[in-house]
Number of protein chains: 2
Amino acid sequence: MRADAAERWQQITRVATDLFRRKGFSSTSMQDISDAVGLLKGSLYYYIDSKEDLLFEILRDLHKDGERIIAQVNFDSGDPLTELRTYLKQCAVFGALHADRLAIFLRDFHYVPPERQGEIISERKMYQRTVATLVKEAKELGLTPPHLDISLAATLISGAVAGVHEWLHPDGPRPLDQAAGDIAEVLTNSIRIPSEAVVKSVAKKGRPRAKVSSKARRPA
Amino acid sequence: MRADAAERWQQITRVATDLFRRKGFSSTSMQDISDAVGLLKGSLYYYIDSKEDLLFEILRDLHKDGERIIAQVNFDSGDPLTELRTYLKQCAVFGALHADRLAIFLRDFHYVPPERQGEIISERKMYQRTVATLVKEAKELGLTPPHLDISLAATLISGAVAGVHEWLHPDGPRPLDQAAGDIAEVLTNSIRIPSEAVVKSVAKKGRPRAKVSSKARRPA
DNA sequence: GCATTGAAAACAAACGATTGATGCATCAGA
DNA sequence: TCTGATGCATCAATCGTTTGTTTTCAATGC
């Protein structure tokens, strides 16, 4: 094996990831990929078995990276809300760092041959279950509003953090760690008990109308 | 024009919507559509100009329906958090009722010819701007934590409610209106000031470990 | 009440282009 | 020289779309 064989493989997966993300899996042809790599499309089949196989390899790598990062979270602190916050922060960071592959996963996963889906699909369900468990623990400890629908809240939070990759970029104006922390904080806050004092006081005193008019808020 | 011409058109859009949702736009062939309708694929071109045109028509209809529902919200109550809650509830209901077309919009919108995208794209930006304005108003009134990043929070909330269509179904176990209300409540809560009393008291007293073990929470 | 007409609606056949994939030839480097 | 790596030519299938023809059926004339 030549020295640059591994590089070729990385180049192919990198190029394919970029194209799949931008154009979608089924709209990306092997011709597109081979053009970007600098090979003839037939030559790609020296490295892969099929187009779907290439997709599988890309998503399986994402799966592995995901497992590695989540494993760093400590779930034994004793405070479910803090654990949830830490966990969500990690998820947000992960989403920002692997936005391309995550977008492909969420949109084009169903193109992976069914018999190979099992190796990947477990990850997402694990995400949701982790959140669900932490939310449940928080409620049992009285840390959430008493009528909170924990299943609904968990699904909502899971979905929210799954969508973060669409707009949180590692090279954004704020440090990634900081922004991810804020995201986790806001999401965790969604199941906290709100301060009644503030809510009531403001509602009573009849605040003046905000500057932004109703018209401006509904443009055309 | 014959009486059933309008029915044919509805049948075509309905079938296409279902297929686009399940298989994706570019993986759905005109043959698939014509088979499901019961015509030869060439005959479809009596009703449409192109495949992309069909997608455009479907999404433009969604756009119109969206405008109609959002217009019902009263933005002059004087309480931005209540307005946000109402607005988000409407969005959740809308998402559940039009999950198919919404999924197509979020995934396959980029297949709409660029010159025709403008007629549709305004809608989503309006959603986000509405949320952003309400969040900003709430902060200015001191209804949110003082350090809240309003842009981040608004984006997060918008993304969360946009993903609701994936799991909230009109015929679910709970009445749609009720579930949507809960969703809006949780999301609105995410920018409310949390009750410090509860948080501190629990943190202090050193609660016992929750029943669910750390292992169970991270299944393989 | 029946035949005629004309447009709407669907069929039938084919178009060129592109798709994912294969087999074999070839080339370069160890 | 031998093998990993790529070029080259080509496959059958399918793609979206077009064209010309045929069928269907309501309105019309008598």
# chains A, B, ... in the order shown; residues from 1 in each chain; ligands from 1
>>> closest_atom_pairs(of="chain C", to="chain B", cutoff="12 Å", atoms="only C-alpha atoms (C1' of nucleotides)", output="JSON lines")
{"residue": "C:DA7", "atom": "C1'", "partner": "B:Met1", "partner_atom": "CA", "distance": 9.0}
{"residue": "C:DA8", "atom": "C1'", "partner": "B:Met1", "partner_atom": "CA", "distance": 6.7}
{"residue": "C:DA9", "atom": "C1'", "partner": "B:Tyr46", "partner_atom": "CA", "distance": 8.1}
{"residue": "C:DA10", "atom": "C1'", "partner": "B:Ser43", "partner_atom": "CA", "distance": 6.1}
{"residue": "C:DC11", "atom": "C1'", "partner": "B:Leu40", "partner_atom": "CA", "distance": 7.3}
{"residue": "C:DA12", "atom": "C1'", "partner": "B:Leu40", "partner_atom": "CA", "distance": 9.2}
{"residue": "C:DA13", "atom": "C1'", "partner": "B:Gly42", "partner_atom": "CA", "distance": 10.3}
{"residue": "C:DA14", "atom": "C1'", "partner": "B:Gly42", "partner_atom": "CA", "distance": 11.3}
>>> residues_around(residues="C:DG23", least_positions_apart="5", cutoff="12 Å", atoms="only C-alpha atoms (C1' of nucleotides)", output="VMD selection string")
(chain A and resid 42) or (chain D and resid 8 to 11)
>>> closest_residue(among="A:Ala179, A:Val112, A:Leu168, A:Val135", to="A:Phe56", atoms="only C-alpha atoms")
A:Val112
>>> residues_around(residues="A:Phe105", least_positions_apart="4", cutoff="12 Å", atoms="only C-alpha atoms (C1' of nucleotides)", output="JSON, numbers by chain")
{"A": [17, 20, 21, 24, 25, 55, 56, 57, 58, 59, 60, 61, 62, 63, 95, 98, 99, 100, 101, 109, 110, 111, 112, 117, 120, 121, 123, 124, 162, 163, 165]}
>>> write_last_selection(atoms="C-alpha atoms", output="short mmCIF file (atom, residue, chain, number, x, y, z; two decimals), in the first residue's frame")
data_model
loop_
_atom_site.label_atom_id
_atom_site.label_comp_id
_atom_site.auth_asym_id
_atom_site.auth_seq_id
_atom_site.Cartn_x
_atom_site.Cartn_y
_atom_site.Cartn_z
CA THR A 17 -19.17 14.90 3.17
CA PHE A 20 -23.62 15.45 0.60
CA ARG A 21 -24.12 18.33 2.98
CA GLY A 24 -27.95 16.12 -0.48
CA PHE A 25 -27.04 12.48 -0.87
CA LEU A 55 -22.46 7.27 3.19
CA PHE A 56 -22.41 4.53 5.76
CA GLU A 57 -18.70 4.94 6.44
CA ILE A 58 -19.09 8.68 6.91
CA LEU A 59 -21.95 8.32 9.36
CA ARG A 60 -20.33 5.50 11.26
CA ASP A 61 -17.31 7.67 11.89
CA LEU A 62 -19.60 10.37 13.21
CA HIS A 63 -21.19 7.80 15.45
CA GLY A 95 -22.95 19.71 16.87
CA HIS A 98 -19.41 18.15 13.24
CA ALA A 99 -22.19 20.15 11.64
CA ASP A 100 -21.62 18.70 8.19
CA ARG A 101 -21.91 15.07 9.08
CA PHE A 109 -29.76 8.64 7.11
CA HIS A 110 -32.60 6.74 5.48
CA TYR A 111 -30.42 6.14 2.43
CA VAL A 112 -28.22 3.86 4.48
CA GLN A 117 -28.72 1.17 9.91
CA ILE A 120 -25.68 3.83 13.72
CA ILE A 121 -29.22 4.47 14.81
CA GLU A 123 -26.79 6.77 19.01
CA ARG A 124 -29.65 9.18 18.54
CA ALA A 162 -30.13 18.51 17.67
CA GLY A 163 -30.85 21.57 15.57
CA HIS A 165 -25.58 22.51 14.35
#
>>> interface_residues(of="chain D", to="chain B", cutoff="8 Å", atoms="only C-alpha atoms (C1' of nucleotides)", output="list in words")
DC15, DG16 and DT17 of chain D
>>> residues_around(residues="D:DC30", least_positions_apart="4", cutoff="12 Å", atoms="only C-alpha atoms (C1' of nucleotides)", output="list in words")
DG1, DC2, DA3 and DT4 of chain C
>>> write_last_selection(atoms="C-alpha atoms (C1' of nucleotides)", output="short mmCIF file (atom, residue, chain, number, x, y, z; two decimals), in the first residue's frame")
data_model
loop_
_atom_site.label_atom_id
_atom_site.label_comp_id
_atom_site.auth_asym_id
_atom_site.auth_seq_id
_atom_site.Cartn_x
_atom_site.Cartn_y
_atom_site.Cartn_z
"C1'" DG C 1 -83.32 12.24 -29.22
"C1'" DC C 2 -79.56 11.61 -31.95
"C1'" DA C 3 -75.42 12.84 -34.49
"C1'" DT C 4 -71.61 16.10 -34.68
#
>>> residues_around(residues="A:Ala71", least_positions_apart="4", cutoff="10 Å", atoms="only C-alpha atoms (C1' of nucleotides)", output="PyMOL selection string")
(chain A and resi 66-67+75+87+90) or (chain B and resi 218)
>>> write_last_selection(atoms="C-alpha atoms", output="short mmCIF file (atom, residue, chain, number, x, y, z; two decimals), in the first residue's frame")
data_model
loop_
_atom_site.label_atom_id
_atom_site.label_comp_id
_atom_site.auth_asym_id
_atom_site.auth_seq_id
_atom_site.Cartn_x
_atom_site.Cartn_y
_atom_site.Cartn_z
CA GLY A 66 -20.12 11.06 19.22
CA GLU A 67 -19.67 8.22 21.63
CA PHE A 75 -23.43 11.56 35.45
CA TYR A 87 -24.57 17.14 28.80
CA GLN A 90 -21.30 18.85 25.17
CA ARG B 218 -25.47 5.15 29.04
#
>>> select_by_dssp(residues="stretch 39-192 of chain B", states="alpha helix (DSSP H)", output="PyMOL selection string")
chain B and resi 51-70+80-97+99-108+114-140+150-162+176-189
>>> write_last_selection(atoms="C-alpha atoms", output="short mmCIF file (atom, residue, chain, number, x, y, z; two decimals), in the first residue's frame")
data_model
loop_
_atom_site.label_atom_id
_atom_site.label_comp_id
_atom_site.auth_asym_id
_atom_site.auth_seq_id
_atom_site.Cartn_x
_atom_site.Cartn_y
_atom_site.Cartn_z
CA LYS B 51 -40.94 18.50 -11.27
CA GLU B 52 -39.49 21.53 -9.55
CA ASP B 53 -42.61 23.44 -10.37
CA LEU B 54 -44.65 20.84 -8.54
CA LEU B 55 -42.46 21.25 -5.48
CA PHE B 56 -42.86 24.99 -5.67
CA GLU B 57 -46.64 24.81 -5.80
CA ILE B 58 -46.74 22.53 -2.77
CA LEU B 59 -44.51 24.78 -0.70
CA ARG B 60 -46.25 27.96 -1.78
CA ASP B 61 -49.52 26.54 -0.53
CA LEU B 62 -47.88 25.80 2.80
CA HIS B 63 -46.62 29.35 2.87
CA LYS B 64 -50.12 30.71 2.40
CA ASP B 65 -51.58 28.49 5.09
CA GLY B 66 -48.84 29.61 7.45
CA GLU B 67 -49.58 33.26 6.96
CA ARG B 68 -53.23 32.70 7.66
CA ILE B 69 -52.68 31.01 11.00
CA ILE B 70 -50.06 33.36 12.36
CA PRO B 80 -44.33 39.77 25.61
CA LEU B 81 -43.99 36.46 27.41
CA THR B 82 -47.66 35.71 27.06
CA GLU B 83 -47.53 36.75 23.44
CA LEU B 84 -44.51 34.53 22.88
CA ARG B 85 -46.31 31.63 24.48
CA THR B 86 -49.36 32.13 22.32
CA TYR B 87 -47.28 32.51 19.21
CA LEU B 88 -45.23 29.40 19.88
CA LYS B 89 -48.39 27.44 20.58
CA GLN B 90 -49.79 28.43 17.22
CA CYS B 91 -46.54 27.42 15.57
CA ALA B 92 -46.63 24.03 17.25
CA VAL B 93 -50.20 23.41 16.17
CA PHE B 94 -49.36 24.45 12.66
CA GLY B 95 -46.36 22.15 12.60
CA ALA B 96 -48.40 19.18 13.72
CA LEU B 97 -51.15 19.85 11.20
CA ALA B 99 -45.94 18.08 9.23
CA ASP B 100 -45.55 16.63 5.75
CA ARG B 101 -45.11 19.84 3.86
CA LEU B 102 -43.08 21.38 6.65
CA ALA B 103 -40.63 18.51 6.54
CA ILE B 104 -40.33 18.91 2.79
CA PHE B 105 -39.78 22.61 3.20
CA LEU B 106 -37.03 22.23 5.74
CA ARG B 107 -35.25 19.48 3.85
CA ASP B 108 -35.83 20.08 0.16
CA PRO B 114 -33.58 30.18 -6.98
CA GLU B 115 -35.65 32.69 -8.89
CA ARG B 116 -38.80 31.36 -7.25
CA GLN B 117 -37.42 30.90 -3.76
CA GLY B 118 -38.10 34.48 -2.80
CA GLU B 119 -41.84 34.01 -2.74
CA ILE B 120 -41.51 31.40 -0.05
CA ILE B 121 -38.39 32.06 1.97
CA SER B 122 -39.68 35.20 3.60
CA GLU B 123 -41.93 33.15 5.81
CA ARG B 124 -39.28 31.40 7.84
CA LYS B 125 -37.32 34.55 8.45
CA MET B 126 -40.49 36.20 9.65
CA TYR B 127 -40.97 33.41 12.17
CA GLN B 128 -37.52 33.95 13.59
CA ARG B 129 -37.83 37.71 13.66
CA THR B 130 -41.11 37.54 15.53
CA VAL B 131 -39.58 35.37 18.22
CA ALA B 132 -36.48 37.56 18.37
CA THR B 133 -38.56 40.70 18.88
CA LEU B 134 -40.64 39.20 21.65
CA VAL B 135 -37.56 37.90 23.44
CA LYS B 136 -35.95 41.30 23.19
CA GLU B 137 -39.02 43.01 24.59
CA ALA B 138 -39.12 40.58 27.47
CA LYS B 139 -35.54 41.27 28.35
CA GLU B 140 -36.00 45.02 28.22
CA ILE B 150 -31.35 37.26 23.27
CA SER B 151 -30.14 36.44 19.79
CA LEU B 152 -29.01 33.01 20.86
CA ALA B 153 -32.15 32.35 22.84
CA ALA B 154 -34.38 33.42 19.97
CA THR B 155 -32.55 31.23 17.48
CA LEU B 156 -32.72 28.33 19.86
CA ILE B 157 -36.44 28.70 20.46
CA SER B 158 -37.17 29.14 16.78
CA GLY B 159 -35.23 26.01 15.96
CA ALA B 160 -36.93 24.06 18.68
CA VAL B 161 -40.44 24.90 17.59
CA ALA B 162 -39.49 24.27 13.96
CA LEU B 176 -53.31 18.79 20.16
CA ASP B 177 -54.18 22.14 21.67
CA GLN B 178 -53.11 20.96 25.09
CA ALA B 179 -49.80 19.50 23.98
CA ALA B 180 -49.00 22.57 21.92
CA GLY B 181 -49.74 24.70 24.95
CA ASP B 182 -47.28 22.71 27.02
CA ILE B 183 -44.63 23.00 24.35
CA ALA B 184 -45.08 26.74 24.25
CA GLU B 185 -44.96 26.88 28.01
CA VAL B 186 -41.68 24.97 28.28
CA LEU B 187 -40.06 27.05 25.56
CA THR B 188 -41.23 30.32 27.03
CA ASN B 189 -39.99 29.16 30.39
#
>>> atom_distance(atom1="atom CA of B:Arg22", atom2="atom CA of B:Trp167")
14.8 Å
>>> closest_residue(among="B:Tyr47, B:Ser26, B:Gln10, B:Asp35", to="chain A", atoms="only C-alpha atoms")
B:Ser26
